[in-house]
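*Asks:* Here you go, this is model_26.cif (mmCIF, C-alpha atoms).
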```cif
data_final
loop_
_atom_site.group_PDB
_atom_site.id
_atom_site.type_symbol
_atom_site.label_atom_id
_atom_site.label_comp_id
_atom_site.auth_asym_id
_atom_site.auth_seq_id
_atom_site.Cartn_x
_atom_site.Cartn_y
_atom_site.Cartn_z
ATOM 1 C CA MET A 1 5.733 -14.044 -3.575
ATOM 2 C CA GLY A 2 2.030 -14.714 -2.851
ATOM 3 C CA GLU A 3 1.784 -11.999 -0.196
ATOM 4 C CA GLU A 4 3.739 -9.546 -2.349
ATOM 5 C CA ARG A 5 1.421 -10.298 -5.323
ATOM 6 C CA VAL A 6 -1.661 -9.492 -3.221
ATOM 7 C CA ASP A 7 0.100 -6.369 -1.954
ATOM 8 C CA ILE A 8 1.015 -5.175 -5.459
ATOM 9 C CA ASN A 9 -2.546 -5.761 -6.651
ATOM 10 C CA VAL A 10 -3.814 -3.450 -3.897
ATOM 11 C CA TRP A 11 -1.307 -0.800 -5.016
ATOM 12 C CA ILE A 12 -2.404 -1.199 -8.638
ATOM 13 C CA ILE A 13 -6.100 -0.899 -7.815
ATOM 14 C CA SER A 14 -5.392 2.110 -5.582
ATOM 15 C CA PHE A 15 -3.339 3.727 -8.348
ATOM 16 C CA LEU A 16 -6.132 3.282 -10.888
ATOM 17 C CA ILE A 17 -8.807 4.721 -8.579
ATOM 18 C CA ILE A 18 -6.708 7.667 -7.429
ATOM 19 C CA PHE A 19 -5.614 8.629 -10.912
ATOM 20 C CA MET A 20 -9.133 8.303 -12.244
ATOM 21 C CA LEU A 21 -10.249 10.820 -9.604
ATOM 22 C CA HIS A 22 -7.263 13.072 -10.353
ATOM 23 C CA ASN A 23 -7.954 13.004 -14.091
ATOM 24 C CA LEU A 24 -11.624 13.766 -13.501
ATOM 25 C CA GLU A 25 -10.680 16.813 -11.432
ATOM 26 C CA GLU A 26 -8.433 18.047 -14.235
ATOM 27 C CA ILE A 27 -10.992 17.325 -16.972
ATOM 28 C CA ILE A 28 -13.749 19.150 -15.109
ATOM 29 C CA MET A 29 -11.628 22.181 -14.216
ATOM 30 C CA VAL A 30 -9.176 22.716 -17.098
ATOM 31 C CA GLU A 31 -11.441 24.581 -19.536
ATOM 32 C CA LYS A 32 -12.755 26.971 -16.890
ATOM 33 C CA TRP A 33 -9.230 27.544 -15.499
ATOM 34 C CA ILE A 34 -7.775 28.315 -18.950
ATOM 35 C CA LYS A 35 -10.576 30.795 -19.701
ATOM 36 C CA LYS A 36 -10.907 32.543 -16.347
ATOM 37 C CA THR A 37 -7.687 32.146 -14.350
ATOM 38 C CA TYR A 38 -4.939 31.829 -16.955
ATOM 39 C CA PRO A 39 -5.442 35.351 -18.392
ATOM 40 C CA ARG A 40 -5.163 36.756 -14.856
ATOM 41 C CA VAL A 41 -1.927 34.880 -13.988
ATOM 42 C CA ARG A 42 -0.292 34.808 -17.450
ATOM 43 C CA ASP A 43 2.210 37.543 -16.588
ATOM 44 C CA LYS A 44 3.533 35.517 -13.638
ATOM 45 C CA ILE A 45 4.476 32.640 -15.945
ATOM 46 C CA PRO A 46 7.913 32.686 -17.610
ATOM 47 C CA SER A 47 7.656 33.561 -21.314
ATOM 48 C CA SER A 48 9.067 30.202 -22.432
ATOM 49 C CA MET A 49 6.267 28.397 -20.594
ATOM 50 C CA GLN A 50 3.678 30.917 -21.835
ATOM 51 C CA LYS A 51 4.468 29.849 -25.412
ATOM 52 C CA GLU A 52 3.637 26.240 -24.523
ATOM 53 C CA LEU A 53 0.502 27.175 -22.593
ATOM 54 C CA ASN A 54 -0.692 29.387 -25.437
ATOM 55 C CA HIS A 55 -1.015 26.216 -27.544
ATOM 56 C CA TYR A 56 -3.739 25.176 -25.099
ATOM 57 C CA ASN A 57 -5.464 28.566 -24.826
ATOM 58 C CA ASP A 58 -8.602 27.234 -26.440
ATOM 59 C CA ILE A 59 -8.584 23.690 -25.073
ATOM 60 C CA THR A 60 -11.955 22.299 -24.103
ATOM 61 C CA SER A 61 -12.750 19.775 -21.415
ATOM 62 C CA VAL A 62 -13.618 17.303 -24.188
ATOM 63 C CA GLN A 63 -10.203 17.742 -25.829
ATOM 64 C CA PHE A 64 -8.468 17.309 -22.488
ATOM 65 C CA ALA A 65 -10.596 14.224 -21.788
ATOM 66 C CA VAL A 66 -9.429 12.741 -25.103
ATOM 67 C CA ILE A 67 -5.795 13.395 -24.125
ATOM 68 C CA VAL A 68 -6.347 11.679 -20.782
ATOM 69 C CA PHE A 69 -8.279 8.807 -22.398
ATOM 70 C CA VAL A 70 -5.639 8.063 -25.054
ATOM 71 C CA PHE A 71 -2.804 8.190 -22.538
ATOM 72 C CA SER A 72 -4.784 6.117 -20.024
ATOM 73 C CA ILE A 73 -5.242 3.390 -22.640
ATOM 74 C CA PHE A 74 -1.462 3.060 -22.989
ATOM 75 C CA ALA A 75 -0.964 3.081 -19.214
ATOM 76 C CA SER A 76 -3.745 0.537 -18.678
ATOM 77 C CA ILE A 77 -2.295 -1.859 -21.263
ATOM 78 C CA LEU A 78 1.096 -1.633 -19.602
ATOM 79 C CA ILE A 79 -0.383 -2.228 -16.151
ATOM 80 C CA LEU A 80 -2.354 -5.211 -17.468
ATOM 81 C CA ILE A 81 0.850 -6.662 -18.951
ATOM 82 C CA ALA A 82 2.583 -6.092 -15.608
ATOM 83 C CA VAL A 83 -0.125 -7.996 -13.741
ATOM 84 C CA VAL A 84 -0.289 -10.892 -16.211
ATOM 85 C CA THR A 85 3.478 -11.319 -16.579
ATOM 86 C CA GLN A 86 4.389 -10.266 -13.043
ATOM 87 C CA HIS A 87 6.927 -7.832 -14.502
ATOM 88 C CA TYR A 88 6.143 -5.190 -11.918
ATOM 89 C CA TYR A 89 8.876 -2.857 -13.137
ATOM 90 C CA LEU A 90 6.293 -1.898 -15.791
ATOM 91 C CA PHE A 91 3.947 -0.707 -13.050
ATOM 92 C CA LEU A 92 6.833 1.025 -11.289
ATOM 93 C CA GLY A 93 7.641 2.852 -14.547
ATOM 94 C CA VAL A 94 4.037 4.017 -14.942
ATOM 95 C CA ASN A 95 4.090 5.213 -11.326
ATOM 96 C CA LEU A 96 7.357 7.103 -11.767
ATOM 97 C CA PHE A 97 6.125 8.766 -14.957
ATOM 98 C CA PHE A 98 2.942 9.954 -13.253
ATOM 99 C CA ALA A 99 4.904 10.985 -10.145
ATOM 100 C CA LEU A 100 6.853 13.510 -12.231
ATOM 101 C CA ASN A 101 3.584 15.301 -12.955
ATOM 102 C CA ILE A 102 2.126 15.276 -9.466
ATOM 103 C CA PHE A 103 4.398 17.714 -7.716
ATOM 104 C CA THR A 104 3.849 20.255 -10.486
ATOM 105 C CA HIS A 105 0.283 20.917 -9.292
ATOM 106 C CA PRO A 106 1.142 22.170 -5.783
ATOM 107 C CA LEU A 107 4.242 23.986 -7.066
ATOM 108 C CA GLN A 108 2.223 25.745 -9.774
ATOM 109 C CA ALA A 109 -0.451 26.704 -7.255
ATOM 110 C CA LEU A 110 2.150 28.138 -4.860
ATOM 111 C CA TYR A 111 3.961 29.997 -7.626
ATOM 112 C CA LEU A 112 0.779 31.415 -9.179
ATOM 113 C CA ARG A 113 -0.978 31.847 -5.803
ATOM 114 C CA CYS A 114 -4.163 30.261 -7.101
ATOM 115 C CA TYR A 115 -5.882 26.935 -7.577
ATOM 116 C CA THR A 116 -4.614 24.860 -10.513
ATOM 117 C CA PRO A 117 -6.515 21.877 -11.956
ATOM 118 C CA GLY A 118 -5.448 18.694 -10.188
ATOM 119 C CA LEU A 119 -4.300 20.407 -6.995
ATOM 120 C CA LEU A 120 -6.877 18.966 -4.598
ATOM 121 C CA THR A 121 -6.437 15.330 -5.578
ATOM 122 C CA SER A 122 -2.656 15.779 -5.679
ATOM 123 C CA LEU A 123 -2.596 17.002 -2.087
ATOM 124 C CA LEU A 124 -5.308 14.772 -0.627
ATOM 125 C CA LEU A 125 -4.783 11.500 -2.526
ATOM 126 C CA ILE A 126 -1.757 11.264 -4.745
ATOM 127 C CA ILE A 127 1.051 12.615 -2.587
ATOM 128 C CA PRO A 128 -0.029 10.380 0.343
ATOM 129 C CA TYR A 129 -0.305 7.421 -2.077
ATOM 130 C CA TYR A 130 3.207 7.983 -3.414
ATOM 131 C CA SER A 131 4.656 8.437 0.052
ATOM 132 C CA LEU A 132 3.316 5.029 1.059
ATOM 133 C CA PHE A 133 3.963 3.383 -2.326
ATOM 134 C CA PHE A 134 7.637 4.292 -2.515
ATOM 135 C CA TYR A 135 8.159 3.422 1.153
ATOM 136 C CA ARG A 136 6.590 -0.013 0.535
ATOM 137 C CA PHE A 137 8.532 -0.644 -2.672
ATOM 138 C CA TYR A 138 11.770 0.425 -0.996
ATOM 139 C CA ASN A 139 11.193 -2.067 1.826
ATOM 140 C CA THR A 140 10.616 -5.060 -0.484
ATOM 141 C CA ASP A 141 12.752 -6.916 -2.961
ATOM 142 C CA MET A 142 10.619 -5.423 -5.734
ATOM 143 C CA LEU A 143 12.868 -2.367 -5.857
ATOM 144 C CA SER A 144 16.162 -3.424 -7.410
ATOM 145 C CA LEU A 145 18.604 -2.058 -9.950
ATOM 146 C CA ASN A 146 16.886 -4.115 -12.677
ATOM 147 C CA SER A 147 13.411 -2.859 -11.743
ATOM 148 C CA ILE A 148 14.639 0.745 -11.681
ATOM 149 C CA LEU A 149 16.315 0.372 -15.100
ATOM 150 C CA GLY A 150 13.162 -1.256 -16.495
ATOM 151 C CA ALA A 151 11.039 1.526 -15.012
ATOM 152 C CA ILE A 152 13.276 4.170 -16.609
ATOM 153 C CA ALA A 153 12.851 2.428 -19.981
ATOM 154 C CA VAL A 154 9.063 2.568 -19.498
ATOM 155 C CA MET A 155 9.276 6.272 -18.687
ATOM 156 C CA ILE A 156 11.274 6.926 -21.858
ATOM 157 C CA ILE A 157 8.719 5.004 -23.935
ATOM 158 C CA PHE A 158 5.911 7.043 -22.331
ATOM 159 C CA ILE A 159 7.322 10.383 -23.523
ATOM 160 C CA PRO A 160 6.319 9.964 -27.198
ATOM 161 C CA LEU A 161 3.026 8.354 -26.135
ATOM 162 C CA PHE A 162 2.313 11.388 -23.956
ATOM 163 C CA LEU A 163 3.086 13.744 -26.851
ATOM 164 C CA LEU A 164 0.967 11.641 -29.217
ATOM 165 C CA SER A 165 -2.007 11.792 -26.839
ATOM 166 C CA HIS A 166 -1.715 15.598 -26.776
ATOM 167 C CA LYS A 167 -1.663 15.771 -30.590
ATOM 168 C CA ILE A 168 -4.737 13.549 -30.832
ATOM 169 C CA GLY A 169 -6.604 15.517 -28.146
ATOM 170 C CA LYS A 170 -5.747 18.895 -29.669
ATOM 171 C CA LYS A 171 -7.202 17.810 -33.046
ATOM 172 C CA TRP A 172 -10.402 16.505 -31.485
ATOM 173 C CA ASN A 173 -13.369 18.797 -32.008
#
```
Reformat the file's structure so that it appears as structure tokens.
*Replies:*
Amino acid sequence: MGEERVDINVWIISFLIIFMLHNLEEIIMVEKWIKKTYPRVRDKIPSSMQKELNHYNDITSVQFAVIVFVFSIFASILILIAVVTQHYYLFLGVNLFFALNIFTHPLQALYLRCYTPGLLTSLLLIIPYYSLFFYRFYNTDMLSLNSILGAIAVMIIFIPLFLLSHKIGKKWN
């Protein structure tokens, strides 16, 4: 387990660095994108999704940073618990939750035919990271039915935390 522990620590550190860079890209670009690009591409977006995006029509980079900060606190606590207890299914759950978001950036950009915040780091850092991460986890005993079930439980717990972070960020002025 010693070699696997060193290996998982490298994956955890890589995850934290890559997602910090990804979140910074989104924080820096979201306000400008909402103000300049969204009005131009709004008609391409299905009306059901437009309703949701209209809630964020006036979001600032500061508000988005608060959303990211609050959610990152929860993720960081869970990752810390995973490292201390060696319950790596917690880290797997965090990874799977974030993985759901990652493919949306390139798909949105293709659909809208424009840059979307988070696209560059998704293509250059995160998709390669996940390709290697899931390959590595698949080829170790760390990926089992129990770890997958635990990871799914983490993902379910993250849904209300994600929504809570958005409520807190939206109220931040």
*Asks:* Decode the PyMOL selection byres ((chain A and resi 91-105) around 10) for the given file into explicit residues and return them as JSON, numbers by chain.
*Replies:* {"A": [8, 11, 12, 15, 19, 22, 74, 75, 76, 78, 79, 80, 81, 82, 83, 86, 87, 88, 89, 90, 106, 107, 108, 109, 110, 111, 115, 116, 117, 118, 119, 120, 121, 122, 123, 126, 127, 130, 133, 134, 137, 142, 143, 147, 148, 149, 150, 151, 152, 153, 154, 155, 156, 157, 158, 159]}
*Asks:* Please measure the separation of CA of Ile67 in chain A and CA of Gly169 in chain A, giving the value in Å to one decimal.
*Replies:* 4.6 Å
*Asks:* Can you work out the spacing between CA of Ser165 in chain A and CA of Lys51 in chain A in Å, to one decimal?
*Replies:*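 It comes out at 19.2 Å.
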*Asks:* To one decimal place in Å, what is the distance between CA of Trp172 in chain A and CA of Pro39 in chain A?
*Replies:* 23.5 Å
*Asks:* Which residue gives the smallest distance to Glu31 in chain A among A:Val68, A:Ser47, A:Leu132, A:Gln63, with all atoms listed in the file counted?
*Replies:*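 With all atoms listed in the file as the atom set, the closest residue is A:Gln63.
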*Asks:* Let me know the residues the PyMOL selection byres ((chain A and resi 41) around 12) catches in the file above, as a PDB file with C-alpha atoms, in the coordinates of the input.
*Replies:*
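The new file selection19.pdb reads:
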```
ATOM      1  CA  TRP A  33      -9.230  27.544 -15.499  1.00  0.00           C
ATOM      2  CA  ILE A  34      -7.775  28.315 -18.950  1.00  0.00           C
ATOM      3  CA  LYS A  35     -10.576  30.795 -19.701  1.00  0.00           C
ATOM      4  CA  LYS A  36     -10.907  32.543 -16.347  1.00  0.00           C
ATOM      5  CA  THR A  37      -7.687  32.146 -14.350  1.00  0.00           C
ATOM      6  CA  TYR A  38      -4.939  31.829 -16.955  1.00  0.00           C
ATOM      7  CA  PRO A  39      -5.442  35.351 -18.392  1.00  0.00           C
ATOM      8  CA  ARG A  40      -5.163  36.756 -14.856  1.00  0.00           C
ATOM      9  CA  ARG A  42      -0.292  34.808 -17.450  1.00  0.00           C
ATOM     10  CA  ASP A  43       2.210  37.543 -16.588  1.00  0.00           C
ATOM     11  CA  LYS A  44       3.533  35.517 -13.638  1.00  0.00           C
ATOM     12  CA  ILE A  45       4.476  32.640 -15.945  1.00  0.00           C
ATOM     13  CA  PRO A  46       7.913  32.686 -17.610  1.00  0.00           C
ATOM     14  CA  GLN A  50       3.678  30.917 -21.835  1.00  0.00           C
ATOM     15  CA  LEU A  53       0.502  27.175 -22.593  1.00  0.00           C
ATOM     16  CA  GLN A 108       2.223  25.745  -9.774  1.00  0.00           C
ATOM     17  CA  ALA A 109      -0.451  26.704  -7.255  1.00  0.00           C
ATOM     18  CA  TYR A 111       3.961  29.997  -7.626  1.00  0.00           C
ATOM     19  CA  LEU A 112       0.779  31.415  -9.179  1.00  0.00           C
ATOM     20  CA  ARG A 113      -0.978  31.847  -5.803  1.00  0.00           C
ATOM     21  CA  CYS A 114      -4.163  30.261  -7.101  1.00  0.00           C
ATOM     22  CA  TYR A 115      -5.882  26.935  -7.577  1.00  0.00           C
ATOM     23  CA  THR A 116      -4.614  24.860 -10.513  1.00  0.00           C
TER      24      THR A 116
END
```
*Asks:* Axis-aligned box over every listed atom of range 74-84 of chain A, padded by 6 Å per side: centre and edges in Å to one decimal, as AutoDock Vina command-line options?
*Replies:*
```
--center_x -0.6 --center_y -3.9 --center_z -18.4 --size_x 18.3 --size_y 26.0 --size_z 21.2
```
*Asks:* I need every residue sitting at most 9 Å from the point (-5.3, 13.0, -27.3) (coordinates as in the file, all atoms listed in the file considered), written as a ChimeraX atom specification.
*Replies:* /A:63-71,162-172
*Asks:* As a PDB file, in the frame of the given file, could you write out range 107-118 of chain A once it has been completed with all heavy atoms?
*Replies:*
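Everything below was put into rebuild12.pdb:
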```
ATOM      1  N   LEU A 107       3.233  22.965  -6.788  1.00  0.00           N
ATOM      2  CA  LEU A 107       4.242  23.986  -7.066  1.00  0.00           C
ATOM      3  C   LEU A 107       3.665  25.101  -7.936  1.00  0.00           C
ATOM      4  O   LEU A 107       3.935  26.282  -7.695  1.00  0.00           O
ATOM      5  CB  LEU A 107       5.473  23.355  -7.731  1.00  0.00           C
ATOM      6  CG  LEU A 107       6.270  22.407  -6.842  1.00  0.00           C
ATOM      7  CD1 LEU A 107       7.386  21.733  -7.635  1.00  0.00           C
ATOM      8  CD2 LEU A 107       6.819  23.125  -5.619  1.00  0.00           C
ATOM      9  N   GLN A 108       2.871  24.731  -8.940  1.00  0.00           N
ATOM     10  CA  GLN A 108       2.223  25.745  -9.774  1.00  0.00           C
ATOM     11  C   GLN A 108       1.282  26.608  -8.941  1.00  0.00           C
ATOM     12  O   GLN A 108       1.255  27.834  -9.089  1.00  0.00           O
ATOM     13  CB  GLN A 108       1.426  25.086 -10.904  1.00  0.00           C
ATOM     14  CG  GLN A 108       2.255  24.449 -11.978  1.00  0.00           C
ATOM     15  CD  GLN A 108       1.424  23.558 -12.884  1.00  0.00           C
ATOM     16  OE1 GLN A 108       0.267  23.236 -12.596  1.00  0.00           O
ATOM     17  NE2 GLN A 108       2.020  23.144 -13.987  1.00  0.00           N
ATOM     18  N   ALA A 109       0.505  25.969  -8.084  1.00  0.00           N
ATOM     19  CA  ALA A 109      -0.451  26.704  -7.255  1.00  0.00           C
ATOM     20  C   ALA A 109       0.275  27.680  -6.323  1.00  0.00           C
ATOM     21  O   ALA A 109      -0.169  28.822  -6.149  1.00  0.00           O
ATOM     22  CB  ALA A 109      -1.317  25.735  -6.454  1.00  0.00           C
ATOM     23  N   LEU A 110       1.372  27.242  -5.733  1.00  0.00           N
ATOM     24  CA  LEU A 110       2.150  28.138  -4.860  1.00  0.00           C
ATOM     25  C   LEU A 110       2.746  29.290  -5.663  1.00  0.00           C
ATOM     26  O   LEU A 110       2.696  30.444  -5.233  1.00  0.00           O
ATOM     27  CB  LEU A 110       3.266  27.362  -4.157  1.00  0.00           C
ATOM     28  CG  LEU A 110       2.839  26.444  -3.026  1.00  0.00           C
ATOM     29  CD1 LEU A 110       4.016  25.582  -2.568  1.00  0.00           C
ATOM     30  CD2 LEU A 110       2.284  27.247  -1.861  1.00  0.00           C
ATOM     31  N   TYR A 111       3.318  28.973  -6.793  1.00  0.00           N
ATOM     32  CA  TYR A 111       3.961  29.997  -7.626  1.00  0.00           C
ATOM     33  C   TYR A 111       2.945  31.016  -8.140  1.00  0.00           C
ATOM     34  O   TYR A 111       3.188  32.221  -8.109  1.00  0.00           O
ATOM     35  CB  TYR A 111       4.693  29.330  -8.787  1.00  0.00           C
ATOM     36  CG  TYR A 111       5.427  30.303  -9.663  1.00  0.00           C
ATOM     37  CD1 TYR A 111       6.627  30.875  -9.242  1.00  0.00           C
ATOM     38  CD2 TYR A 111       4.933  30.650 -10.913  1.00  0.00           C
ATOM     39  CE1 TYR A 111       7.304  31.783 -10.043  1.00  0.00           C
ATOM     40  CE2 TYR A 111       5.603  31.555 -11.716  1.00  0.00           C
ATOM     41  CZ  TYR A 111       6.790  32.120 -11.281  1.00  0.00           C
ATOM     42  OH  TYR A 111       7.448  33.011 -12.083  1.00  0.00           O
ATOM     43  N   LEU A 112       1.794  30.532  -8.603  1.00  0.00           N
ATOM     44  CA  LEU A 112       0.779  31.415  -9.179  1.00  0.00           C
ATOM     45  C   LEU A 112      -0.158  32.001  -8.123  1.00  0.00           C
ATOM     46  O   LEU A 112      -0.937  32.900  -8.409  1.00  0.00           O
ATOM     47  CB  LEU A 112      -0.044  30.667 -10.230  1.00  0.00           C
ATOM     48  CG  LEU A 112       0.735  30.170 -11.440  1.00  0.00           C
ATOM     49  CD1 LEU A 112      -0.152  29.315 -12.326  1.00  0.00           C
ATOM     50  CD2 LEU A 112       1.329  31.331 -12.211  1.00  0.00           C
ATOM     51  N   ARG A 113      -0.112  31.437  -6.912  1.00  0.00           N
ATOM     52  CA  ARG A 113      -0.978  31.847  -5.803  1.00  0.00           C
ATOM     53  C   ARG A 113      -2.458  31.713  -6.155  1.00  0.00           C
ATOM     54  O   ARG A 113      -3.266  32.615  -5.916  1.00  0.00           O
ATOM     55  CB  ARG A 113      -0.656  33.272  -5.373  1.00  0.00           C
ATOM     56  CG  ARG A 113       0.698  33.379  -4.737  1.00  0.00           C
ATOM     57  CD  ARG A 113       0.890  34.745  -4.111  1.00  0.00           C
ATOM     58  NE  ARG A 113       2.115  34.771  -3.346  1.00  0.00           N
ATOM     59  CZ  ARG A 113       3.229  35.380  -3.741  1.00  0.00           C
ATOM     60  NH1 ARG A 113       3.260  36.013  -4.896  1.00  0.00           N
ATOM     61  NH2 ARG A 113       4.293  35.345  -2.990  1.00  0.00           N
ATOM     62  N   CYS A 114      -2.776  30.547  -6.767  1.00  0.00           N
ATOM     63  CA  CYS A 114      -4.163  30.261  -7.101  1.00  0.00           C
ATOM     64  C   CYS A 114      -4.333  28.752  -7.277  1.00  0.00           C
ATOM     65  O   CYS A 114      -3.353  28.015  -7.362  1.00  0.00           O
ATOM     66  CB  CYS A 114      -4.583  30.983  -8.381  1.00  0.00           C
ATOM     67  SG  CYS A 114      -3.767  30.417  -9.878  1.00  0.00           S
ATOM     68  N   TYR A 115      -5.568  28.335  -7.317  1.00  0.00           N
ATOM     69  CA  TYR A 115      -5.882  26.935  -7.577  1.00  0.00           C
ATOM     70  C   TYR A 115      -5.451  26.583  -9.003  1.00  0.00           C
ATOM     71  O   TYR A 115      -5.614  27.378  -9.928  1.00  0.00           O
ATOM     72  CB  TYR A 115      -7.392  26.711  -7.426  1.00  0.00           C
ATOM     73  CG  TYR A 115      -7.848  25.372  -7.972  1.00  0.00           C
ATOM     74  CD1 TYR A 115      -7.737  24.233  -7.211  1.00  0.00           C
ATOM     75  CD2 TYR A 115      -8.361  25.284  -9.265  1.00  0.00           C
ATOM     76  CE1 TYR A 115      -8.133  22.998  -7.717  1.00  0.00           C
ATOM     77  CE2 TYR A 115      -8.761  24.065  -9.780  1.00  0.00           C
ATOM     78  CZ  TYR A 115      -8.643  22.924  -8.998  1.00  0.00           C
ATOM     79  OH  TYR A 115      -9.031  21.709  -9.508  1.00  0.00           O
ATOM     80  N   THR A 116      -4.895  25.400  -9.186  1.00  0.00           N
ATOM     81  CA  THR A 116      -4.614  24.860 -10.513  1.00  0.00           C
ATOM     82  C   THR A 116      -5.307  23.502 -10.624  1.00  0.00           C
ATOM     83  O   THR A 116      -5.398  22.776  -9.629  1.00  0.00           O
ATOM     84  CB  THR A 116      -3.104  24.699 -10.769  1.00  0.00           C
ATOM     85  OG1 THR A 116      -2.544  23.860  -9.761  1.00  0.00           O
ATOM     86  CG2 THR A 116      -2.394  26.047 -10.773  1.00  0.00           C
ATOM     87  N   PRO A 117      -5.808  23.162 -11.804  1.00  0.00           N
ATOM     88  CA  PRO A 117      -6.515  21.877 -11.956  1.00  0.00           C
ATOM     89  C   PRO A 117      -5.632  20.700 -11.541  1.00  0.00           C
ATOM     90  O   PRO A 117      -4.488  20.595 -11.959  1.00  0.00           O
ATOM     91  CB  PRO A 117      -6.822  21.821 -13.462  1.00  0.00           C
ATOM     92  CG  PRO A 117      -6.891  23.259 -13.879  1.00  0.00           C
ATOM     93  CD  PRO A 117      -5.844  23.950 -13.042  1.00  0.00           C
ATOM     94  N   GLY A 118      -6.177  19.855 -10.691  1.00  0.00           N
ATOM     95  CA  GLY A 118      -5.448  18.694 -10.188  1.00  0.00           C
ATOM     96  C   GLY A 118      -4.846  18.897  -8.814  1.00  0.00           C
ATOM     97  O   GLY A 118      -4.318  17.961  -8.216  1.00  0.00           O
TER      98      GLY A 118
END
```
